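Pasting data.cif here (mmCIF, C-alpha atoms):
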data_coords
#
loop_
_atom_site.label_atom_id
_atom_site.label_comp_id
_atom_site.auth_asym_id
_atom_site.auth_seq_id
_atom_site.Cartn_x
_atom_site.Cartn_y
_atom_site.Cartn_z
CA MET J 2 19.60 15.21 5.82
CA ASP J 3 18.69 16.31 2.26
CA ASP J 4 16.41 14.35 -0.09
CA ASP J 5 19.23 12.67 -2.00
CA SER J 6 20.88 11.57 1.24
CA ARG J 7 17.57 10.21 2.57
CA GLN J 8 17.00 8.24 -0.64
CA SER J 9 20.54 6.86 -0.53
CA ALA J 10 20.04 5.81 3.08
CA VAL J 11 16.85 3.96 2.23
CA LEU J 12 18.40 2.21 -0.77
CA THR J 13 21.43 1.03 1.20
CA ALA J 14 19.54 0.10 4.37
CA VAL J 15 19.74 -3.42 5.73
CA ILE J 16 16.93 -5.89 5.05
CA GLN J 17 16.47 -8.21 8.00
CA ASN J 18 15.00 -11.58 7.10
CA VAL J 19 13.35 -13.97 9.56
CA ALA J 20 11.74 -17.35 8.97
CA GLU J 21 8.69 -16.59 11.10
CA THR J 22 7.26 -13.87 13.27
CA GLY J 23 3.90 -12.74 14.57
CA SER J 24 3.66 -9.53 12.55
CA THR J 25 6.37 -7.60 10.74
CA ASN J 26 4.50 -4.37 11.50
CA ALA J 27 4.42 -5.11 15.23
CA ASP J 28 8.13 -5.95 15.16
CA MET J 29 8.94 -2.78 13.21
CA LEU J 30 7.00 -0.63 15.68
CA ALA J 31 9.11 -2.14 18.46
CA MET J 32 12.27 -1.50 16.46
CA ALA J 33 11.17 2.11 15.91
CA ALA J 34 10.64 2.58 19.64
CA ALA J 35 14.16 1.24 20.19
CA GLY J 36 15.61 3.86 17.85
CA ALA J 37 15.75 2.13 14.45
CA ALA J 38 16.67 4.42 11.58
CA GLU J 39 14.54 5.25 8.57
CA GLY J 40 14.85 2.77 5.74
CA VAL J 41 15.31 -0.44 7.69
CA TRP J 42 13.24 -3.35 6.37
CA LEU J 43 12.01 -6.54 8.00
CA ARG J 44 10.80 -9.46 5.88
CA ALA J 45 9.28 -12.66 7.24
CA GLU J 46 8.81 -15.85 5.27
CA ARG J 47 5.69 -16.47 7.34
CA GLN J 48 3.57 -14.54 9.85
CA THR J 49 1.49 -16.15 12.58
CA ALA J 50 -0.46 -13.00 13.48
CA GLY J 51 -0.43 -10.96 10.28
CA ARG J 52 -3.02 -8.21 10.15
CA GLY J 53 -4.58 -5.84 7.70
CA ARG J 54 -6.52 -2.62 8.14
CA HIS J 55 -8.95 -2.38 11.09
CA GLY J 56 -7.28 -5.35 12.76
CA ARG J 57 -8.37 -7.92 10.19
CA ASP J 58 -6.37 -11.12 9.91
CA TRP J 59 -3.95 -11.36 6.99
CA ALA J 60 -3.33 -14.91 5.78
CA SER J 61 0.43 -15.48 5.57
CA PRO J 62 1.38 -18.74 3.83
CA LEU J 63 4.89 -19.41 2.57
CA GLY J 64 5.92 -17.95 -0.78
CA ASN J 65 4.31 -14.52 -0.48
CA LEU J 66 5.79 -11.19 0.59
CA TYR J 67 5.36 -9.94 4.15
CA ALA J 68 7.56 -6.95 4.86
CA SER J 69 7.60 -3.68 6.78
CA THR J 70 9.75 -0.59 6.65
CA LEU J 71 10.15 2.60 8.65
CA VAL J 72 9.81 6.29 7.74
CA ARG J 73 10.89 8.97 10.21
CA LEU J 74 8.77 12.08 9.77
CA ALA J 75 10.66 15.35 9.48
CA PRO J 76 9.51 18.99 9.69
CA GLY J 77 8.06 20.04 6.36
CA ASP J 78 7.03 16.56 5.27
CA PRO J 79 3.57 16.21 3.69
CA PRO J 80 0.88 14.67 5.94
CA ALA J 81 1.91 11.25 7.20
CA ALA J 82 -1.30 9.57 5.99
CA THR J 83 -0.39 10.37 2.39
CA LEU J 84 2.46 7.88 2.61
CA ALA J 85 -0.29 5.34 1.85
CA LEU J 86 -0.53 6.84 -1.64
CA VAL J 87 3.26 6.83 -2.02
CA ALA J 88 3.47 3.18 -1.03
CA ALA J 89 0.58 2.20 -3.32
CA VAL J 90 2.27 3.80 -6.32
CA ALA J 91 5.59 2.11 -5.51
CA LEU J 92 3.89 -1.27 -5.15
CA HIS J 93 1.95 -0.78 -8.38
CA GLN J 94 5.15 0.00 -10.28
CA SER J 95 6.80 -3.12 -8.89
CA VAL J 96 3.87 -5.35 -9.82
CA ALA J 97 3.61 -3.83 -13.31
CA GLY J 98 7.26 -4.71 -13.88
CA CYS J 99 6.52 -8.39 -13.19
CA LEU J 100 3.26 -9.01 -15.03
CA PRO J 101 3.32 -10.67 -18.47
CA ALA J 102 2.24 -8.50 -21.39
CA ASP J 103 -1.01 -10.44 -21.79
CA ALA J 104 -2.04 -10.22 -18.12
CA PRO J 105 -4.76 -7.82 -16.97
CA PRO J 106 -3.26 -4.63 -15.50
CA ALA J 107 -3.00 -4.06 -11.78
CA GLN J 108 -5.11 -1.19 -10.42
CA ILE J 109 -5.02 0.70 -7.14
CA LYS J 110 -8.19 0.89 -5.05
CA TRP J 111 -8.34 3.68 -2.47
CA PRO J 112 -6.36 4.15 -0.50
CA ASN J 113 -3.75 1.47 -1.12
CA ASP J 114 -5.08 -1.96 -2.09
CA LEU J 115 -3.88 -3.48 -5.36
CA LEU J 116 -6.35 -5.40 -7.53
CA ILE J 117 -6.14 -7.39 -10.75
CA ALA J 118 -9.45 -7.87 -12.58
CA GLY J 119 -11.25 -6.95 -9.37
CA ALA J 120 -9.42 -9.54 -7.22
CA LYS J 121 -7.17 -8.41 -4.39
CA LEU J 122 -3.46 -8.94 -4.96
CA ALA J 123 -1.87 -6.84 -2.22
CA GLY J 124 -2.53 -4.61 0.73
CA ILE J 125 -0.66 -1.95 2.67
CA LEU J 126 -1.00 -1.12 6.36
CA LEU J 127 0.32 2.14 7.83
CA GLU J 128 0.79 2.50 11.58
CA ARG J 129 2.24 5.51 13.38
CA ALA J 130 3.95 6.04 16.73
CA GLY J 131 5.33 9.55 17.25
CA ASP J 132 7.58 10.48 14.35
CA ALA J 133 7.74 6.85 13.17
CA VAL J 134 5.48 5.61 10.38
CA VAL J 135 5.62 1.88 9.71
CA ILE J 136 4.60 0.78 6.22
CA GLY J 137 3.61 -2.88 6.06
CA ILE J 138 3.23 -4.58 2.68
CA GLY J 139 1.63 -7.94 1.94
CA VAL J 140 1.62 -9.30 -1.61
CA ASN J 141 0.19 -12.59 -2.86
CA LEU J 142 3.12 -13.75 -4.95
CA ALA J 143 2.81 -17.54 -5.02
CA GLN J 144 -0.66 -18.16 -3.61
CA CYS J 145 -3.79 -16.43 -2.35
CA PRO J 146 -6.46 -17.25 0.23
CA ASN J 147 -9.68 -18.93 -0.85
CA GLY J 148 -13.18 -18.69 0.55
CA LEU J 149 -13.08 -14.96 1.29
CA ALA J 150 -16.03 -12.62 0.89
CA ARG J 151 -14.11 -10.85 -1.88
CA PRO J 152 -11.99 -12.56 -4.57
CA ALA J 153 -8.21 -12.69 -4.28
CA THR J 154 -5.45 -13.46 -6.75
CA SER J 155 -1.69 -13.90 -6.89
CA LEU J 156 1.10 -12.98 -9.27
CA ALA J 157 1.60 -16.69 -9.96
CA ALA J 158 -2.04 -16.97 -11.03
CA GLN J 159 -1.38 -14.14 -13.49
CA GLY J 160 1.61 -15.93 -15.00
CA ALA J 161 4.38 -14.15 -13.07
CA CYS J 162 6.92 -16.07 -11.02
CA VAL J 163 9.02 -13.98 -8.61
CA ALA J 164 10.71 -14.80 -5.32
CA PRO J 165 9.78 -12.69 -2.28
CA GLU J 166 13.34 -11.44 -1.76
CA ASP J 167 13.61 -10.34 -5.40
CA PHE J 168 10.25 -8.62 -5.34
CA LEU J 169 11.18 -6.78 -2.15
CA GLU J 170 14.25 -5.32 -3.86
CA MET J 171 11.97 -3.83 -6.52
CA VAL J 172 9.59 -2.42 -3.92
CA ARG J 173 12.42 -1.00 -1.85
CA GLU J 174 13.86 0.88 -4.81
CA GLU J 175 10.49 2.22 -5.97
CA LEU J 176 9.49 3.28 -2.45
CA ALA J 177 12.79 5.06 -1.85
CA ALA J 178 12.33 7.06 -5.03
CA GLY J 179 8.69 7.77 -4.14
CA ILE J 180 9.49 9.01 -0.65
CA ALA J 181 12.19 11.30 -2.04
CA ARG J 182 9.71 12.80 -4.53
CA TRP J 183 7.05 13.13 -1.80
CA ARG J 184 9.46 15.16 0.31
CA ARG J 185 10.87 17.19 -2.54
CA ASP J 186 7.77 17.89 -4.66
CA GLY J 187 4.86 17.47 -2.25
CA LEU J 188 1.67 15.48 -2.65
CA ALA J 189 0.43 16.69 -6.05
CA PRO J 190 2.77 14.55 -8.21
CA VAL J 191 2.08 11.53 -6.01
CA ARG J 192 -1.66 12.08 -6.44
CA ASP J 193 -1.22 12.26 -10.21
CA ARG J 194 0.72 8.99 -10.28
CA TRP J 195 -1.86 7.34 -8.04
CA LEU J 196 -4.75 8.41 -10.27
CA ALA J 197 -2.94 7.12 -13.37
CA ALA J 198 -2.63 3.69 -11.72
CA ALA J 199 -6.14 3.54 -10.20
CA HIS J 200 -9.41 2.15 -11.54
CA PRO J 201 -11.02 4.72 -13.87
CA ALA J 202 -13.35 7.54 -12.95
CA GLY J 203 -16.94 6.31 -12.96
CA THR J 204 -16.12 2.99 -11.30
CA ALA J 205 -19.01 1.96 -9.04
CA LEU J 206 -17.97 1.78 -5.38
CA SER J 207 -19.44 0.88 -2.03
CA VAL J 208 -17.94 2.68 0.96
CA HIS J 209 -18.36 1.48 4.54
CA LEU J 210 -17.80 4.41 6.90
CA PRO J 211 -17.05 4.42 10.63
CA GLY J 212 -20.26 4.06 12.62
CA ASP J 213 -21.65 1.31 10.37
CA VAL J 214 -22.74 3.72 7.64
CA SER J 215 -22.59 2.61 3.99
CA LEU J 216 -22.66 4.67 0.81
CA GLU J 217 -22.76 3.69 -2.85
CA GLY J 218 -21.69 5.86 -5.72
CA TRP J 219 -19.12 6.40 -8.43
CA PHE J 220 -15.42 7.20 -8.21
CA ARG J 221 -14.69 10.83 -9.06
CA GLY J 222 -10.99 10.96 -8.16
CA LEU J 223 -9.06 12.36 -5.21
CA ASP J 224 -9.13 15.80 -3.69
CA ALA J 225 -5.97 17.82 -3.10
CA SER J 226 -5.36 16.05 0.23
CA GLY J 227 -5.66 12.56 -1.25
CA ALA J 228 -9.18 11.89 0.08
CA LEU J 229 -11.62 9.89 -2.06
CA ILE J 230 -14.34 11.79 -3.95
CA LEU J 231 -17.55 9.79 -4.35
CA ARG J 232 -20.44 10.93 -6.56
CA LEU J 233 -23.77 9.85 -5.12
CA ALA J 234 -26.93 8.89 -7.02
CA ASP J 235 -28.48 12.32 -6.40
CA GLY J 236 -25.52 14.04 -8.03
CA ALA J 237 -23.97 15.26 -4.79
CA THR J 238 -20.36 14.46 -3.98
CA ARG J 239 -18.97 13.13 -0.72
CA VAL J 240 -15.32 13.41 0.34
CA ILE J 241 -14.18 10.26 2.15
CA HIS J 242 -11.23 10.53 4.55
CA ALA J 243 -11.61 7.11 6.20
CA GLY J 244 -13.53 3.99 5.33
CA ASP J 245 -13.51 0.62 3.57
CA VAL J 246 -13.98 0.78 -0.18
CA PHE J 247 -15.27 -2.07 -2.36
CA MET J 248 -15.70 -2.17 -6.11
CA LEU J 249 -19.21 -3.11 -7.25
#
Would it be possible to restate this file's structure as C-alpha cells?
Amino acid sequence: MDDDSRQSAVLTAVIQNVAETGSTNADMLAMAAAGAAEGVWLRAERQTAGRGRHGRDWASPLGNLYASTLVRLAPGDPPAATLALVAAVALHQSVAGCLPADAPPAQIKWPNDLLIAGAKLAGILLERAGDAVVIGIGVNLAQCPNGLARPATSLAAQGACVAPEDFLEMVREELAAGIARWRRDGLAPVRDRWLAAAHPAGTALSVHLPGDVSLEGWFRGLDASGALILRLADGATRVIHAGDVFML
C-alpha cells in the first residue's frame, strides 16, 4: 500500500464509539491481536481503568476525549517510538485550531504531553505488540482533575467549547496526514514540526530517569532520533531516551 492509499484508509476508517470501557488502549490492543486494520479508532465516553504512561491512572470523567487508534508497522517505516512525536504534533495542531485568539498557546512537552501555561491539557500513550502500535489520546475538553501534584487545565477553561466527537475528527485528519509524512519523508520534518510547537530552548526541566535518578537542566532540543537533549549546570549535555519530564 502506498502512502496516499494508507492516508486514505486512515481517513475513511470507522470510528467505534462506546459509552464506557475499561481502557480504549487495552481494547485496541485486543482488536489488533484479532486482526484489526490500521486506522480503526475506538472512542469511549468514559473509562473506568484509563491509564497514562508508566501505568499511572488517567481520570476519565464525561465530556473529555478518550480514544485510541492503530498503526501497522511496515518495512522501511521510521522507528516506532517516533510515532509519539507524530501524534503530539497532530494533537497540537488540533488544539491550536480550537483555542480562542486571546488564549495562551498550547506547547508540547517531551515526548508527547500538551500543556497550556504550564498546566497539562492532554497526554498520549503508545503501546506496541508485534507490528501493531496503539496510540491512545486523552484530552481534557470539558473538565480537568483537581488536587494533582502538577496543575491541569481543559479547553473549556481556556474558552474553547468542542464536543469529543468533533475534536476526534480533527485529530484523526491531522494524524493521518502526519503518519503519511512520517512514512514518506522520514523523521526530520516531524522533528522540525515538534520543535516549532514545543516550549522554547532554555526552558528549565527536571527529568526523572529509570532507576530513581533525577536530573535538572535546560531544554536544548531534540537529537536526530527524537531524544531529548538536556544541558546540565556544568555545561555538559545529556541525551534522554526515556524518562518523565517536568517543567520547573
For Met171 of chain J, please output as a ChimeraX atom specification all residues within 9 Å (counting all atoms listed in the file; exclusion window: fewer than 6 positions along the same chain).
-> /J:91-92,94-96,98
Counting all atoms listed in the file, which residues of segment 73-186 of chain J sit at most 8 Å from some atom of segment 28-38 of chain J, and what is each one's closest atom pair with its distance in Å to one decimal, listed by chain and rising residue number, as a Markdown table?
| residue | atom | partner | partner_atom | distance |
| --- | --- | --- | --- | --- |
| J:Arg73 | CA | J:Ala38 | CA | 7.5 |
| J:Ala130 | CA | J:Leu30 | CA | 7.4 |
| J:Ala133 | CA | J:Ala33 | CA | 6.5 |
| J:Val135 | CA | J:Leu30 | CA | 6.6 |
Restricting to only C-alpha atoms, whichever of J:Ala45, J:Leu188, J:Ala143, J:Ala205 is closest to Ala157 of chain J is J:Ala143
Can you pull out every residue within 12 Å of segment 124-128 of chain J, counting only C-alpha atoms, but drop anything in the same chain fewer than 6 positions away, and send it as JSON, numbers by chain?
-> {"J": [24, 25, 26, 27, 28, 29, 30, 31, 33, 51, 52, 53, 54, 55, 56, 57, 58, 59, 60, 66, 67, 68, 69, 70, 71, 72, 81, 82, 83, 84, 85, 86, 87, 88, 89, 90, 91, 92, 93, 108, 109, 110, 111, 112, 113, 114, 115, 116, 134, 135, 136, 137, 138, 139, 140, 141, 153, 154]}
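Of the listed residues (J:Gly119, J:Pro79, J:Gly160, J:Gly203), J:Gly119 comes nearest to Phe247 of chain J; the distances count all atoms listed in the file.
Take atom CA of Ile180 of chain J and atom CA of Glu46 of chain J: the distance between them is 25.6 Å.
Interatomic distance, atom CA of Ala177 of chain J against atom CA of Gly227 of chain J: 19.9 Å.
Nearest to Ala225 of chain J of all the residues J:Asp193, J:Leu63, J:Ala237, J:Gln48 is J:Asp193, counting only C-alpha atoms.
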Extract, using all atoms listed in the file, all DNA, RNA and protein residues at most 8 Å from Val15 of chain J, discarding same-chain residues fewer than 5 positions from it, and format them as a list in words.
-> Gly40, Val41 and Trp42 of chain J
With distances taken over all atoms listed in the file, which of J:Arg192, J:Arg239, J:Lys121, J:Arg173 is nearest to Ala107 of chain J?
-> J:Lys121
Using the chain letters and numbers from the file, give me the residues hit by the PyMOL selection byres ((chain J and resi 216) around 10), as JSON, numbers by chain.
-> {"J": [206, 207, 208, 209, 210, 214, 215, 217, 218, 231, 232, 233, 234, 239, 246]}
Separation of atom CA of Leu229 of chain J and atom CA of Ala118 of chain J, in Å?
-> 20.8 Å
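Residue nearest Leu43 of chain J, chosen from J:Leu169, J:Leu100, J:Ser226, J:Pro152 and counting all atoms listed in the file: J:Leu169.
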Any chance you could resolve the PyMOL selection byres ((chain J and resi 184) around 8) against this file and give the residues as number ranges by chain?
-> J: 4, 77-79, 180-183, 185-187
So, counting all atoms listed in the file, which residue among J:Cys99, J:Ile241, J:Leu122, J:Ile230 is closest to Ala164 of chain J?
-> J:Cys99
